4 protein chains.
Amino acid sequence: MAYQRSALMQERLAENRERILRSARALIARGGFREASITAVAADAGLSTGAIYRYFPSKAELFVEVLTEAVRRECDILREIIGRPGTADQRLRAAVDSFARRALEGPYLAYAFIAEPTDPEVEAARILCRQEFSDVFKTVLRQGISTGEFPRQSVDVSAACIVGAFTEALVRPVAPTTPRSKDEKLIEAIVDFCARAVSGPARQA
Amino acid sequence: MAYQRSALMQERLAENRERILRSARALIARGGFREASITAVAADAGLSTGAIYRYFPSKAELFVEVLTEAVRRECDILREIIGRPGTADQRLRAAVDSFARRALEGPYLAYAFIAEPTDPEVEAARILCRQEFSDVFKTVLRQGISTGEFPRQSVDVSAACIVGAFTEALVRPVAPTTPRSKDEKLIEAIVDFCARAVSGPARQA
Amino acid sequence: MAYQRSALMQERLAENRERILRSARALIARGGFREASITAVAADAGLSTGAIYRYFPSKAELFVEVLTEAVRRECDILREIIGRPGTADQRLRAAVDSFARRALEGPYLAYAFIAEPTDPEVEAARILCRQEFSDVFKTVLRQGISTGEFPRQSVDVSAACIVGAFTEALVRPVAPTTPRSKDEKLIEAIVDFCARAVSGPARQA
Amino acid sequence: MAYQRSALMQERLAENRERILRSARALIARGGFREASITAVAADAGLSTGAIYRYFPSKAELFVEVLTEAVRRECDILREIIGRPGTADQRLRAAVDSFARRALEGPYLAYAFIAEPTDPEVEAARILCRQEFSDVFKTVLRQGISTGEFPRQSVDVSAACIVGAFTEALVRPVAPTTPRSKDEKLIEAIVDFCARAVSGPARQA
DNA sequence: CATGAATGAGAATTCATTCAT
DNA sequence: TATGAATGAATTCTCATTCAT
């Protein structure tokens, strides 16, 4: 019986933890880190502020987890796409397309990605996240270069540029009123940009 | 004598104003908008907090000026470069090169560009700044496309991607410890990336 | 047990709220709105400044409540007195007497009534309070006039004058050192003044 | 020549002093003591803030002078009226009428009279001013009582009540939109109120 | 003498975090 | 374990007063 209670409890705890993360994510998405006060997160999650501190040692660590979790999911998907068969170009396009598509549906993962956090600790995490993103693209870039499909280039820089390019392109111009029909054009344009950027002719000598 | 006093005073005032702007810029650069409290700016500028309000009506307006001033300077230079003779590719490369070079010297214009301000008023200004940057690149893109030098592409998206690409590439990996020698390679890689992105082959049908 | 805790807590909360109101009232009474800073109110109530904001959304709203609560109490009593049987003159006298008596015991309700608040929001509330006071007296004035007990007169003006007359008479001369024995004479004089003012002979033609 | 300069100077000084007082009075009248900051007074007077302190040792003393000067003028007029020949009733009526009329034209002397100053020093002066007003009315009251025209009453209290009555009646209901035509009725009602109050039948035994 | 830039104490308000219940 | 009231440091902004020019 003690076991049963423990099991139920553990489930509840996990549930609460998940709810807090979801609420934090939603609030950050809606209004940036600025709107995601502990009070707001607690209210949204249906818990007390004190309870938050039972699951997370500080606001900063909560936000770090929100960020890393979101990025981990994203990167898992991207890695899977990049691991498929096909040319490097095809796979890069598919990855950018997939990311852009999801970003447009919940446009603010990208936002949380760009938004400056209030806390240096979170800021550090954000940089790591961007690097993780970068790494995913580096993989396919290296493959493309080694097969001769892509010209020689700095994979570090190209990967960073790809991440920057599509976050920039996605976050700002996508006003809430942008009609759905234009999304396809936008995605296509971003995908093309990135594809050209890595597979275009090498530098003219 | 009254004239001299007035002249000296005016100089002092202009100097103070400039010092405040410089301090704000430096603090924003170092630690984002978060670190640039009025108290910190005042201390850094060697003035009292009250003095700040003699020069700027509010914190928000100070930051807006920091932002717009920095961007105006940058855009002026870029516009000049893009107005020079030469192929669109040459001019785009020159522009990106010039921006990247200055960004590496005072690496944090780009940061202020990315950092999320605490204040919606400043946020609005930042978006306008990004658009102004975008607009500069749109000009050369349109020219390149109309002469057939660049393939057909969405100038809006390409311009946004270019801005995103080099801010991303510049801001993060450039740790303070990065050796100077690597800078040239970095700049070259970014320039190449952007050049390929706009002049690479059109989408394969 | 949860119930008990909740009940105790609720009691505490109500107690704190009351303490804040009491402190604000006392400070306003002693030194006007000027002395009633949030810091002072908090200190007097034995709470932190932040705690005040858990009970009242702003300084203005706290002061508005102080004012309206005090006036409501006063008006309730006055209305009750005016609703009793008797001549209009008797009831007016009783009302003025009752108000004056309480004002002398806690002499500063009247003061809060005169003091100019720093905040337009509070100022608005004060005007409403004065009107509510006025309205109470208008009732008995109208009754007296309709029964022929009082001469024809502007009830609006007479009511305002009554309020002004006794606040003025009460607030100022009542230095903290005024001996108790003189209070009775003072009250009687004020009551007489007001009674004569409304029931004296009509204007001589 | 030194004399001439000195004379011119002295004139200028007196002129400036007067201008400062006028500006302060106007600002207090318009928006209460709250709006009458030193900066505002200086701007309105066409002088620097520093200059204010050459004429008045502090904001408080400036305001005290504004108050006492205004009250002195008013009291001079009232005393003149009360010194005229006629019954006490006639002279009291004339005095109240005269004051009310001027108050309605520049409605805010009365306001400055009620408004709570930010400064205890000014507050003290205001109390004295009210007493001076009171004293004027006491004169005529004593005369009326000694001739048997007015019933026995506390002249202290009656005088205070008169001052309170008409300031209250004048300040508040006089919204800026009140039509001029109603002013006559208002003045008449106030005059009647005060006249009845002092000349009505003595307390019923 | 006049100027007005500078000061700096103090005001209201916010919010992450703690801790008694 | 959960609650949410309380804390208190930090932030932006104001304004009477001073003093170098």
# chains A, B, ... in the order shown; residues from 1 in each chain; ligands from 1
$ residues_around --residues "DA5 (chain F)" --least-positions-apart "2" --cutoff "9 Å" --atoms "only C-alpha atoms (C1' of nucleotides)" --output "list in words"
Leu13, Ala51 and Arg54 of chain C
$ write_last_selection --atoms "all heavy atoms" --output "PDB file, in the first residue's frame"
ATOM      1  N   LEU C  13      -5.417  37.615   7.347  1.00  0.00           N
ATOM      2  CA  LEU C  13      -5.445  38.484   6.178  1.00  0.00           C
ATOM      3  C   LEU C  13      -6.348  39.692   6.429  1.00  0.00           C
ATOM      4  O   LEU C  13      -5.972  40.833   6.159  1.00  0.00           O
ATOM      5  CB  LEU C  13      -5.943  37.719   4.953  1.00  0.00           C
ATOM      6  CG  LEU C  13      -5.018  36.634   4.416  1.00  0.00           C
ATOM      7  CD1 LEU C  13      -5.536  36.110   3.098  1.00  0.00           C
ATOM      8  CD2 LEU C  13      -3.613  37.164   4.262  1.00  0.00           C
ATOM      9  N   ALA C  51       4.165  43.910   0.890  1.00  0.00           N
ATOM     10  CA  ALA C  51       2.936  43.315   1.422  1.00  0.00           C
ATOM     11  C   ALA C  51       1.723  44.214   1.168  1.00  0.00           C
ATOM     12  O   ALA C  51       0.619  43.720   0.925  1.00  0.00           O
ATOM     13  CB  ALA C  51       3.093  43.047   2.908  1.00  0.00           C
ATOM     14  N   ARG C  54      -0.109  43.407  -1.856  1.00  0.00           N
ATOM     15  CA  ARG C  54      -0.917  42.200  -1.888  1.00  0.00           C
ATOM     16  C   ARG C  54      -2.362  42.531  -1.497  1.00  0.00           C
ATOM     17  O   ARG C  54      -3.301  41.862  -1.880  1.00  0.00           O
ATOM     18  CB  ARG C  54      -0.328  41.155  -0.938  1.00  0.00           C
ATOM     19  CG  ARG C  54      -1.078  39.843  -0.906  1.00  0.00           C
ATOM     20  CD  ARG C  54      -0.216  38.768  -0.301  1.00  0.00           C
ATOM     21  NE  ARG C  54       0.828  38.368  -1.238  1.00  0.00           N
ATOM     22  CZ  ARG C  54       0.619  37.500  -2.241  1.00  0.00           C
ATOM     23  NH1 ARG C  54      -0.550  36.922  -2.400  1.00  0.00           N
ATOM     24  NH2 ARG C  54       1.595  37.202  -3.060  1.00  0.00           N
TER      25      ARG C  54
END
$ interface_residues --of "chain A" --to "chain F" --cutoff "9 Å" --atoms "only C-alpha atoms (C1' of nucleotides)" --output "MDAnalysis selection string"
chainID A and resid 47:51
$ calpha_fit_and_write --fixed "chain D" --moving "chain B" --output "mmCIF file with C-alpha atoms, in the first residue's frame"
data_model
loop_
_atom_site.group_PDB
_atom_site.id
_atom_site.type_symbol
_atom_site.label_atom_id
_atom_site.label_comp_id
_atom_site.auth_asym_id
_atom_site.auth_seq_id
_atom_site.Cartn_x
_atom_site.Cartn_y
_atom_site.Cartn_z
ATOM 1 C CA MET B 1 23.568 107.354 -14.890
ATOM 2 C CA ALA B 2 24.407 104.992 -12.121
ATOM 3 C CA TYR B 3 21.179 106.070 -10.509
ATOM 4 C CA GLN B 4 19.179 105.342 -13.616
ATOM 5 C CA ARG B 5 20.671 101.940 -13.956
ATOM 6 C CA SER B 6 19.954 101.213 -10.362
ATOM 7 C CA ALA B 7 16.398 102.392 -10.749
ATOM 8 C CA LEU B 8 15.818 100.317 -13.852
ATOM 9 C CA MET B 9 17.352 97.304 -12.200
ATOM 10 C CA GLN B 10 15.287 97.716 -9.090
ATOM 11 C CA GLU B 11 12.207 97.868 -11.217
ATOM 12 C CA ARG B 12 13.237 94.737 -13.057
ATOM 13 C CA LEU B 13 13.856 92.965 -9.782
ATOM 14 C CA ALA B 14 10.524 93.961 -8.381
ATOM 15 C CA GLU B 15 8.944 92.859 -11.624
ATOM 16 C CA ASN B 16 10.634 89.464 -11.466
ATOM 17 C CA ARG B 17 9.668 88.983 -7.870
ATOM 18 C CA GLU B 18 6.107 89.795 -8.747
ATOM 19 C CA ARG B 19 6.220 87.481 -11.719
ATOM 20 C CA ILE B 20 7.467 84.630 -9.569
ATOM 21 C CA LEU B 21 4.709 85.229 -7.063
ATOM 22 C CA ARG B 22 2.144 85.429 -9.834
ATOM 23 C CA SER B 23 3.383 82.207 -11.404
ATOM 24 C CA ALA B 24 3.364 80.414 -8.107
ATOM 25 C CA ARG B 25 -0.110 81.689 -7.350
ATOM 26 C CA ALA B 26 -1.397 80.654 -10.752
ATOM 27 C CA LEU B 27 0.117 77.192 -10.536
ATOM 28 C CA ILE B 28 -1.152 76.614 -7.029
ATOM 29 C CA ALA B 29 -4.538 77.781 -8.196
ATOM 30 C CA ARG B 30 -4.574 75.521 -11.206
ATOM 31 C CA GLY B 31 -3.298 72.337 -9.664
ATOM 32 C CA GLY B 32 -2.674 72.830 -5.980
ATOM 33 C CA PHE B 33 0.678 72.951 -4.299
ATOM 34 C CA ARG B 34 1.533 69.689 -5.963
ATOM 35 C CA GLU B 35 1.818 71.222 -9.402
ATOM 36 C CA ALA B 36 3.790 74.189 -8.204
ATOM 37 C CA SER B 37 7.262 72.714 -8.306
ATOM 38 C CA ILE B 38 10.167 75.115 -8.389
ATOM 39 C CA THR B 39 10.877 74.005 -11.913
ATOM 40 C CA ALA B 40 7.323 74.733 -12.995
ATOM 41 C CA VAL B 41 7.258 78.113 -11.270
ATOM 42 C CA ALA B 42 10.575 79.075 -12.844
ATOM 43 C CA ALA B 43 9.454 78.002 -16.285
ATOM 44 C CA ASP B 44 6.187 79.858 -15.940
ATOM 45 C CA ALA B 45 7.968 82.994 -14.756
ATOM 46 C CA GLY B 46 10.464 82.751 -17.601
ATOM 47 C CA LEU B 47 13.409 82.359 -15.244
ATOM 48 C CA SER B 48 15.850 79.664 -14.290
ATOM 49 C CA THR B 49 15.358 77.637 -11.152
ATOM 50 C CA GLY B 50 18.423 79.204 -9.645
ATOM 51 C CA ALA B 51 16.924 82.662 -10.071
ATOM 52 C CA ILE B 52 14.003 81.752 -7.849
ATOM 53 C CA TYR B 53 16.418 81.321 -4.992
ATOM 54 C CA ARG B 54 17.696 84.833 -5.443
ATOM 55 C CA TYR B 55 14.251 86.104 -4.582
ATOM 56 C CA PHE B 56 13.079 83.520 -2.091
ATOM 57 C CA PRO B 57 15.223 81.512 0.287
ATOM 58 C CA SER B 58 13.188 78.351 -0.124
ATOM 59 C CA LYS B 59 10.160 76.919 -1.782
ATOM 60 C CA ALA B 60 8.337 76.973 1.522
ATOM 61 C CA GLU B 61 8.921 80.676 2.041
ATOM 62 C CA LEU B 62 7.765 81.450 -1.466
ATOM 63 C CA PHE B 63 4.523 79.623 -0.881
ATOM 64 C CA VAL B 64 4.055 81.220 2.497
ATOM 65 C CA GLU B 65 4.323 84.608 0.850
ATOM 66 C CA VAL B 66 1.890 83.630 -1.875
ATOM 67 C CA LEU B 67 -0.579 82.649 0.768
ATOM 68 C CA THR B 68 -0.158 85.515 3.188
ATOM 69 C CA GLU B 69 -0.123 88.105 0.452
ATOM 70 C CA ALA B 70 -3.343 86.811 -1.048
ATOM 71 C CA VAL B 71 -5.027 86.662 2.316
ATOM 72 C CA ARG B 72 -3.782 90.068 3.381
ATOM 73 C CA ARG B 73 -5.270 91.669 0.289
ATOM 74 C CA GLU B 74 -8.534 89.923 0.790
ATOM 75 C CA CYS B 75 -8.703 90.765 4.477
ATOM 76 C CA ASP B 76 -7.887 94.408 3.839
ATOM 77 C CA ILE B 77 -10.846 94.685 1.547
ATOM 78 C CA LEU B 78 -13.119 92.816 3.893
ATOM 79 C CA ARG B 79 -12.084 94.935 6.836
ATOM 80 C CA GLU B 80 -12.824 98.058 4.875
ATOM 81 C CA ILE B 81 -16.277 96.800 3.991
ATOM 82 C CA ILE B 82 -17.028 95.795 7.527
ATOM 83 C CA GLY B 83 -15.914 99.190 8.775
ATOM 84 C CA ARG B 84 -18.514 100.988 6.694
ATOM 85 C CA PRO B 85 -21.699 102.369 8.210
ATOM 86 C CA GLY B 86 -24.842 100.259 8.174
ATOM 87 C CA THR B 87 -26.377 97.394 10.060
ATOM 88 C CA ALA B 88 -24.249 94.384 10.909
ATOM 89 C CA ASP B 89 -26.370 92.319 8.584
ATOM 90 C CA GLN B 90 -25.802 94.710 5.703
ATOM 91 C CA ARG B 91 -22.088 94.771 6.267
ATOM 92 C CA LEU B 92 -21.774 91.018 6.632
ATOM 93 C CA ARG B 93 -23.694 90.576 3.419
ATOM 94 C CA ALA B 94 -21.527 93.103 1.656
ATOM 95 C CA ALA B 95 -18.384 91.382 2.844
ATOM 96 C CA VAL B 96 -19.462 87.920 1.767
ATOM 97 C CA ASP B 97 -20.714 89.294 -1.517
ATOM 98 C CA SER B 98 -17.457 91.061 -2.201
ATOM 99 C CA PHE B 99 -15.340 88.042 -1.364
ATOM 100 C CA ALA B 100 -17.473 85.676 -3.383
ATOM 101 C CA ARG B 101 -17.460 87.993 -6.356
ATOM 102 C CA ARG B 102 -13.688 88.197 -6.465
ATOM 103 C CA ALA B 103 -13.331 84.504 -5.767
ATOM 104 C CA LEU B 104 -15.450 83.760 -8.814
ATOM 105 C CA GLU B 105 -13.312 85.936 -10.998
ATOM 106 C CA GLY B 106 -10.067 84.334 -9.884
ATOM 107 C CA PRO B 107 -11.680 81.302 -8.406
ATOM 108 C CA TYR B 108 -8.616 79.782 -6.924
ATOM 109 C CA LEU B 109 -7.644 81.867 -3.991
ATOM 110 C CA ALA B 110 -10.187 79.743 -2.230
ATOM 111 C CA TYR B 111 -8.533 76.647 -3.569
ATOM 112 C CA ALA B 112 -5.081 77.555 -2.329
ATOM 113 C CA PHE B 113 -6.891 78.066 0.877
ATOM 114 C CA ILE B 114 -8.094 74.510 1.017
ATOM 115 C CA ALA B 115 -5.239 72.691 -0.676
ATOM 116 C CA GLU B 116 -2.962 70.815 1.641
ATOM 117 C CA PRO B 117 0.609 72.007 1.263
ATOM 118 C CA THR B 118 3.447 69.523 1.115
ATOM 119 C CA ASP B 119 5.375 71.494 3.636
ATOM 120 C CA PRO B 120 4.581 71.827 7.333
ATOM 121 C CA GLU B 121 5.896 75.383 7.286
ATOM 122 C CA VAL B 122 3.356 76.325 4.639
ATOM 123 C CA GLU B 123 0.666 74.399 6.432
ATOM 124 C CA ALA B 124 1.286 76.513 9.523
ATOM 125 C CA ALA B 125 0.947 79.673 7.455
ATOM 126 C CA ARG B 126 -2.298 78.458 5.991
ATOM 127 C CA ILE B 127 -3.807 77.926 9.397
ATOM 128 C CA LEU B 128 -2.829 81.442 10.393
ATOM 129 C CA CYS B 129 -4.457 82.735 7.223
ATOM 130 C CA ARG B 130 -7.692 81.018 7.996
ATOM 131 C CA GLN B 131 -7.636 82.502 11.437
ATOM 132 C CA GLU B 132 -7.085 85.954 10.027
ATOM 133 C CA PHE B 133 -10.112 85.497 7.835
ATOM 134 C CA SER B 134 -12.072 84.297 10.784
ATOM 135 C CA ASP B 135 -11.047 87.314 12.806
ATOM 136 C CA VAL B 136 -12.477 89.691 10.251
ATOM 137 C CA PHE B 137 -15.865 88.102 10.520
ATOM 138 C CA LYS B 138 -15.727 87.915 14.277
ATOM 139 C CA THR B 139 -15.623 91.688 14.386
ATOM 140 C CA VAL B 140 -18.916 92.202 12.634
ATOM 141 C CA LEU B 141 -20.489 89.297 14.489
ATOM 142 C CA ARG B 142 -19.599 90.815 17.844
ATOM 143 C CA GLN B 143 -21.028 94.126 16.776
ATOM 144 C CA GLY B 144 -24.266 92.557 15.603
ATOM 145 C CA ILE B 145 -24.649 90.597 18.803
ATOM 146 C CA SER B 146 -23.938 93.551 21.062
ATOM 147 C CA THR B 147 -26.594 95.668 19.339
ATOM 148 C CA GLY B 148 -29.070 92.829 19.595
ATOM 149 C CA GLU B 149 -29.220 92.547 15.823
ATOM 150 C CA PHE B 150 -27.873 89.007 15.924
ATOM 151 C CA PRO B 151 -28.841 86.386 18.478
ATOM 152 C CA ARG B 152 -26.312 85.163 21.001
ATOM 153 C CA GLN B 153 -23.945 82.662 19.402
ATOM 154 C CA SER B 154 -20.363 81.507 19.497
ATOM 155 C CA VAL B 155 -18.541 84.054 17.372
ATOM 156 C CA ASP B 156 -15.584 81.678 17.017
ATOM 157 C CA VAL B 157 -17.707 78.936 15.589
ATOM 158 C CA SER B 158 -19.876 81.185 13.480
ATOM 159 C CA ALA B 159 -16.869 82.891 11.941
ATOM 160 C CA ALA B 160 -15.234 79.564 11.130
ATOM 161 C CA CYS B 161 -18.484 78.283 9.665
ATOM 162 C CA ILE B 162 -18.871 81.330 7.457
ATOM 163 C CA VAL B 163 -15.371 80.908 6.081
ATOM 164 C CA GLY B 164 -15.937 77.207 5.524
ATOM 165 C CA ALA B 165 -19.327 77.742 4.002
ATOM 166 C CA PHE B 166 -18.365 80.087 1.290
ATOM 167 C CA THR B 167 -15.053 78.504 0.416
ATOM 168 C CA GLU B 168 -16.835 75.196 0.030
ATOM 169 C CA ALA B 169 -19.673 76.682 -1.893
ATOM 170 C CA LEU B 170 -17.353 78.589 -4.173
ATOM 171 C CA VAL B 171 -14.581 76.197 -4.888
ATOM 172 C CA ARG B 172 -16.202 73.015 -5.920
ATOM 173 C CA PRO B 173 -19.388 73.567 -7.822
ATOM 174 C CA VAL B 174 -17.777 76.354 -9.777
ATOM 175 C CA ALA B 175 -16.590 74.315 -12.665
ATOM 176 C CA PRO B 176 -14.730 76.339 -15.285
ATOM 177 C CA THR B 177 -17.700 75.981 -17.552
ATOM 178 C CA THR B 178 -20.224 77.547 -15.215
ATOM 179 C CA PRO B 179 -21.982 80.279 -17.142
ATOM 180 C CA ARG B 180 -21.495 83.800 -15.925
ATOM 181 C CA SER B 181 -25.202 84.339 -15.622
ATOM 182 C CA LYS B 182 -25.480 81.814 -12.833
ATOM 183 C CA ASP B 183 -22.830 83.552 -10.809
ATOM 184 C CA GLU B 184 -25.189 86.204 -9.566
ATOM 185 C CA LYS B 185 -27.591 83.599 -8.302
ATOM 186 C CA LEU B 186 -24.784 81.706 -6.631
ATOM 187 C CA ILE B 187 -23.460 84.765 -4.875
ATOM 188 C CA GLU B 188 -26.889 85.730 -3.727
ATOM 189 C CA ALA B 189 -27.526 82.253 -2.358
ATOM 190 C CA ILE B 190 -24.286 82.181 -0.432
ATOM 191 C CA VAL B 191 -24.859 85.624 0.981
ATOM 192 C CA ASP B 192 -28.339 84.651 2.056
ATOM 193 C CA PHE B 193 -27.100 81.461 3.649
ATOM 194 C CA CYS B 194 -24.532 83.261 5.747
ATOM 195 C CA ALA B 195 -26.874 86.067 6.664
ATOM 196 C CA ARG B 196 -29.576 83.674 7.813
ATOM 197 C CA ALA B 197 -27.038 81.645 9.709
ATOM 198 C CA VAL B 198 -26.026 84.509 11.929
ATOM 199 C CA SER B 199 -29.247 86.487 12.140
ATOM 200 C CA GLY B 200 -31.818 83.719 12.215
ATOM 201 C CA PRO B 201 -33.841 83.104 15.348
ATOM 202 C CA ALA B 202 -31.935 81.910 18.398
ATOM 203 C CA ARG B 203 -32.237 78.276 19.334
ATOM 204 C CA GLN B 204 -35.764 77.290 20.172
ATOM 205 C CA ALA B 205 -35.935 76.478 23.877
#
$ interface_residues --of "chain E" --to "chain B" --cutoff "9 Å" --atoms "only C-alpha atoms (C1' of nucleotides)" --output "ChimeraX atom specification"
/E:5-8
$ write_last_selection --atoms "N, CA and C atoms (P, O5', C5', C4', C3', O3' and C1' of nucleotides)" --output "JSON list (two decimals), in the first residue's frame"
[["chain", "number", "residue", "atom", "x", "y", "z"],
["E", 5, "DA", "P", 20.58, 73.14, -18.93],
["E", 5, "DA", "O5'", 21.79, 72.22, -18.50],
["E", 5, "DA", "C5'", 23.11, 72.77, -18.44],
["E", 5, "DA", "C4'", 23.94, 72.03, -17.39],
["E", 5, "DA", "C3'", 23.70, 70.53, -17.32],
["E", 5, "DA", "O3'", 24.95, 69.91, -17.02],
["E", 5, "DA", "C1'", 23.09, 71.49, -15.26],
["E", 6, "DA", "P", 24.99, 68.35, -16.82],
["E", 6, "DA", "O5'", 24.93, 68.20, -15.25],
["E", 6, "DA", "C5'", 26.01, 68.75, -14.48],
["E", 6, "DA", "C4'", 25.77, 68.43, -13.02],
["E", 6, "DA", "C3'", 25.41, 66.97, -12.74],
["E", 6, "DA", "O3'", 26.37, 66.43, -11.84],
["E", 6, "DA", "C1'", 23.86, 68.44, -11.68],
["E", 7, "DT", "P", 26.18, 64.98, -11.30],
["E", 7, "DT", "O5'", 25.47, 65.18, -9.90],
["E", 7, "DT", "C5'", 26.00, 66.15, -9.01],
["E", 7, "DT", "C4'", 25.10, 66.31, -7.82],
["E", 7, "DT", "C3'", 24.73, 64.99, -7.14],
["E", 7, "DT", "O3'", 25.17, 65.06, -5.80],
["E", 7, "DT", "C1'", 22.81, 66.35, -7.47],
["E", 8, "DG", "P", 25.73, 63.83, -5.05],
["E", 8, "DG", "O5'", 24.45, 63.34, -4.25],
["E", 8, "DG", "C5'", 23.73, 64.26, -3.47],
["E", 8, "DG", "C4'", 22.38, 63.67, -3.14],
["E", 8, "DG", "C3'", 22.39, 62.13, -3.03],
["E", 8, "DG", "O3'", 21.45, 61.75, -2.04],
["E", 8, "DG", "C1'", 20.84, 62.77, -4.62]]
$ select_by_dssp --residues "region 3-187 of chain D" --states "alpha helix (DSSP H)" --output "number ranges by chain"
D: 3-35, 38-45, 49-55, 59-83, 88-105, 108-114, 120-146, 155-171, 180-187
